[in-house]
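A.B. asks: Here it is, the structure, as structure tokens.
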Amino acid sequence: MTRADIGDIPTQNPCAQCGTPIAQPDWIEPGEGRVSYLWTCHACNYRFEAIAIFDESAVEYPPLAA
Ligand SMILES: [Zn+2]
């Protein structure tokens with residue numbers, strides 16, 4: 001996994017529970033057209049996931065057959 005594969009890593013994401021900025025995600029899970037980030041707050045130990053969706057690499061689905 002390289003940085004180019006996942007794009008820019010978000011930083012200083014506020015904790016969903018207490019609002020403390022988290023420097024960087026604990027875990028990054030690249031997917032198709034999206035990346036999942038697992039954040040762990042070191043202030044309150046809360047864990048949450050955020051998903052980034054990339055428009056430029058969005059998959060185009062063919063129209064459904066009638
Ligand atoms: Zn927190």
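Residues in the structure tokens are named by chain (A, B, ... in the order shown) and by number from 1 within that chain; ligands are numbered from 1 in the order shown.
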Neighbouring residues of ligand 1 are defined here as those with any atom at most 10 Å from a ligand atom, counting only C-alpha atoms and all ligand atoms; list them as a PyMOL selection string.

C.D. replies: chain A and resi 14-22+39-48

A.B. asks: Taking N, CA and C atoms for each residue, export the selection above as a PDB file, in the first residue's frame.

C.D. replies:
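Result file follows (again_31.pdb):
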ATOM      1  N   PRO A  14     -11.734  15.620  13.933  1.00  0.00           N
ATOM      2  CA  PRO A  14     -12.257  15.714  15.292  1.00  0.00           C
ATOM      3  C   PRO A  14     -12.959  14.424  15.713  1.00  0.00           C
ATOM      4  N   CYS A  15     -12.722  14.042  16.957  1.00  0.00           N
ATOM      5  CA  CYS A  15     -13.354  12.856  17.526  1.00  0.00           C
ATOM      6  C   CYS A  15     -14.870  13.014  17.461  1.00  0.00           C
ATOM      7  N   ALA A  16     -15.555  11.941  17.052  1.00  0.00           N
ATOM      8  CA  ALA A  16     -17.008  12.000  16.918  1.00  0.00           C
ATOM      9  C   ALA A  16     -17.686  12.100  18.281  1.00  0.00           C
ATOM     10  N   GLN A  17     -16.971  11.788  19.335  1.00  0.00           N
ATOM     11  CA  GLN A  17     -17.597  11.801  20.659  1.00  0.00           C
ATOM     12  C   GLN A  17     -17.213  13.046  21.472  1.00  0.00           C
ATOM     13  N   CYS A  18     -15.910  13.374  21.516  1.00  0.00           N
ATOM     14  CA  CYS A  18     -15.495  14.481  22.381  1.00  0.00           C
ATOM     15  C   CYS A  18     -14.928  15.664  21.601  1.00  0.00           C
ATOM     16  N   GLY A  19     -14.715  15.485  20.300  1.00  0.00           N
ATOM     17  CA  GLY A  19     -14.285  16.617  19.477  1.00  0.00           C
ATOM     18  C   GLY A  19     -12.785  16.873  19.475  1.00  0.00           C
ATOM     19  N   THR A  20     -12.007  16.065  20.195  1.00  0.00           N
ATOM     20  CA  THR A  20     -10.561  16.242  20.189  1.00  0.00           C
ATOM     21  C   THR A  20      -9.997  15.900  18.817  1.00  0.00           C
ATOM     22  N   PRO A  21      -9.188  16.778  18.232  1.00  0.00           N
ATOM     23  CA  PRO A  21      -8.598  16.463  16.922  1.00  0.00           C
ATOM     24  C   PRO A  21      -7.668  15.250  17.013  1.00  0.00           C
ATOM     25  N   ILE A  22      -7.821  14.344  16.056  1.00  0.00           N
ATOM     26  CA  ILE A  22      -6.972  13.154  16.009  1.00  0.00           C
ATOM     27  C   ILE A  22      -5.994  13.342  14.856  1.00  0.00           C
ATOM     28  N   TRP A  39     -10.500   5.690  13.080  1.00  0.00           N
ATOM     29  CA  TRP A  39      -9.928   6.687  13.975  1.00  0.00           C
ATOM     30  C   TRP A  39     -10.072   6.226  15.415  1.00  0.00           C
ATOM     31  N   THR A  40      -9.040   6.419  16.194  1.00  0.00           N
ATOM     32  CA  THR A  40      -9.107   6.143  17.625  1.00  0.00           C
ATOM     33  C   THR A  40      -8.747   7.416  18.378  1.00  0.00           C
ATOM     34  N   CYS A  41      -9.658   7.872  19.232  1.00  0.00           N
ATOM     35  CA  CYS A  41      -9.399   9.063  20.017  1.00  0.00           C
ATOM     36  C   CYS A  41      -8.590   8.688  21.249  1.00  0.00           C
ATOM     37  N   HIS A  42      -7.451   9.348  21.405  1.00  0.00           N
ATOM     38  CA  HIS A  42      -6.597   9.029  22.551  1.00  0.00           C
ATOM     39  C   HIS A  42      -7.025   9.777  23.804  1.00  0.00           C
ATOM     40  N   ALA A  43      -7.982  10.693  23.644  1.00  0.00           N
ATOM     41  CA  ALA A  43      -8.480  11.435  24.802  1.00  0.00           C
ATOM     42  C   ALA A  43      -9.574  10.647  25.516  1.00  0.00           C
ATOM     43  N   CYS A  44     -10.507  10.067  24.736  1.00  0.00           N
ATOM     44  CA  CYS A  44     -11.640   9.367  25.362  1.00  0.00           C
ATOM     45  C   CYS A  44     -11.722   7.909  24.929  1.00  0.00           C
ATOM     46  N   ASN A  45     -10.774   7.458  24.069  1.00  0.00           N
ATOM     47  CA  ASN A  45     -10.704   6.058  23.642  1.00  0.00           C
ATOM     48  C   ASN A  45     -11.846   5.653  22.712  1.00  0.00           C
ATOM     49  N   TYR A  46     -12.529   6.622  22.185  1.00  0.00           N
ATOM     50  CA  TYR A  46     -13.632   6.326  21.267  1.00  0.00           C
ATOM     51  C   TYR A  46     -13.062   5.947  19.907  1.00  0.00           C
ATOM     52  N   ARG A  47     -13.692   4.954  19.263  1.00  0.00           N
ATOM     53  CA  ARG A  47     -13.262   4.542  17.932  1.00  0.00           C
ATOM     54  C   ARG A  47     -14.406   4.723  16.947  1.00  0.00           C
ATOM     55  N   PHE A  48     -14.084   5.218  15.783  1.00  0.00           N
ATOM     56  CA  PHE A  48     -15.111   5.362  14.762  1.00  0.00           C
ATOM     57  C   PHE A  48     -14.484   5.279  13.383  1.00  0.00           C
TER      58      PHE A  48
END

A.B. asks: Restricting the calculation to only C-alpha atoms, which member of A:Ile53, A:Glu32, A:Ala65, A:Pro25 is positioned closest to Asn13 in chain A?

C.D. replies: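 The shortest atom-to-atom distance to Asn13 in chain A comes from A:Pro25.
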
A.B. asks: What does the distance from CA of Glu29 in chain A to CA of Pro63 in chain A come to in Å, to one decimal?

C.D. replies: 28.5 Å

A.B. asks: Got a sec to tell me which of range 3-59 of chain A DSSP assigns to strand (DSSP E), as an mmCIF file with N, CA and C atoms, in the first residue's frame?

C.D. replies:
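The resulting selection.cif:
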data_model
loop_
_atom_site.group_PDB
_atom_site.id
_atom_site.type_symbol
_atom_site.label_atom_id
_atom_site.label_comp_id
_atom_site.auth_asym_id
_atom_site.auth_seq_id
_atom_site.Cartn_x
_atom_site.Cartn_y
_atom_site.Cartn_z
ATOM 1 N N ASN A 13 -8.731 14.976 12.306
ATOM 2 C CA ASN A 13 -10.164 14.739 12.268
ATOM 3 C C ASN A 13 -10.717 14.798 13.690
ATOM 4 N N PRO A 14 -11.734 15.620 13.933
ATOM 5 C CA PRO A 14 -12.257 15.714 15.292
ATOM 6 C C PRO A 14 -12.959 14.424 15.713
ATOM 7 N N PRO A 21 -9.188 16.778 18.232
ATOM 8 C CA PRO A 21 -8.598 16.463 16.922
ATOM 9 C C PRO A 21 -7.668 15.250 17.013
ATOM 10 N N ILE A 22 -7.821 14.344 16.056
ATOM 11 C CA ILE A 22 -6.972 13.154 16.009
ATOM 12 C C ILE A 22 -5.994 13.342 14.856
ATOM 13 N N TRP A 27 -6.015 3.190 11.130
ATOM 14 C CA TRP A 27 -6.045 2.136 10.128
ATOM 15 C C TRP A 27 -6.673 2.680 8.862
ATOM 16 N N ILE A 28 -6.116 2.297 7.717
ATOM 17 C CA ILE A 28 -6.637 2.751 6.437
ATOM 18 C C ILE A 28 -6.943 1.533 5.591
ATOM 19 N N GLU A 29 -8.160 1.468 5.104
ATOM 20 C CA GLU A 29 -8.597 0.319 4.314
ATOM 21 C C GLU A 29 -9.040 0.800 2.931
ATOM 22 N N PRO A 30 -8.158 0.672 1.930
ATOM 23 C CA PRO A 30 -8.528 1.133 0.584
ATOM 24 C C PRO A 30 -9.575 0.229 -0.043
ATOM 25 N N ARG A 34 -13.190 4.330 -2.906
ATOM 26 C CA ARG A 34 -13.384 4.844 -1.559
ATOM 27 C C ARG A 34 -12.304 4.309 -0.630
ATOM 28 N N VAL A 35 -12.097 4.984 0.459
ATOM 29 C CA VAL A 35 -11.133 4.535 1.456
ATOM 30 C C VAL A 35 -11.796 4.646 2.820
ATOM 31 N N SER A 36 -11.653 3.606 3.619
ATOM 32 C CA SER A 36 -12.189 3.644 4.978
ATOM 33 C C SER A 36 -11.062 3.971 5.943
ATOM 34 N N TYR A 37 -11.327 4.885 6.858
ATOM 35 C CA TYR A 37 -10.349 5.263 7.871
ATOM 36 C C TYR A 37 -10.898 4.918 9.245
ATOM 37 N N LEU A 38 -10.080 4.252 10.041
ATOM 38 C CA LEU A 38 -10.474 3.961 11.415
ATOM 39 C C LEU A 38 -9.730 4.926 12.334
ATOM 40 N N TRP A 39 -10.500 5.690 13.080
ATOM 41 C CA TRP A 39 -9.928 6.687 13.975
ATOM 42 C C TRP A 39 -10.072 6.226 15.415
ATOM 43 N N THR A 40 -9.040 6.419 16.194
ATOM 44 C CA THR A 40 -9.107 6.143 17.625
ATOM 45 C C THR A 40 -8.747 7.416 18.378
ATOM 46 N N ARG A 47 -13.692 4.954 19.263
ATOM 47 C CA ARG A 47 -13.262 4.542 17.932
ATOM 48 C C ARG A 47 -14.406 4.723 16.947
ATOM 49 N N PHE A 48 -14.084 5.218 15.783
ATOM 50 C CA PHE A 48 -15.111 5.362 14.762
ATOM 51 C C PHE A 48 -14.484 5.279 13.383
ATOM 52 N N GLU A 49 -15.316 5.000 12.419
ATOM 53 C CA GLU A 49 -14.849 4.830 11.050
ATOM 54 C C GLU A 49 -15.392 5.957 10.186
ATOM 55 N N ALA A 50 -14.563 6.433 9.274
ATOM 56 C CA ALA A 50 -15.006 7.431 8.304
ATOM 57 C C ALA A 50 -14.636 6.926 6.924
ATOM 58 N N ILE A 51 -15.499 7.179 5.965
ATOM 59 C CA ILE A 51 -15.261 6.708 4.604
ATOM 60 C C ILE A 51 -15.153 7.888 3.659
ATOM 61 N N ALA A 52 -14.076 7.884 2.881
ATOM 62 C CA ALA A 52 -13.902 8.921 1.870
ATOM 63 C C ALA A 52 -14.219 8.304 0.509
ATOM 64 N N ILE A 53 -15.032 9.006 -0.271
ATOM 65 C CA ILE A 53 -15.397 8.523 -1.602
ATOM 66 C C ILE A 53 -14.793 9.452 -2.641
#
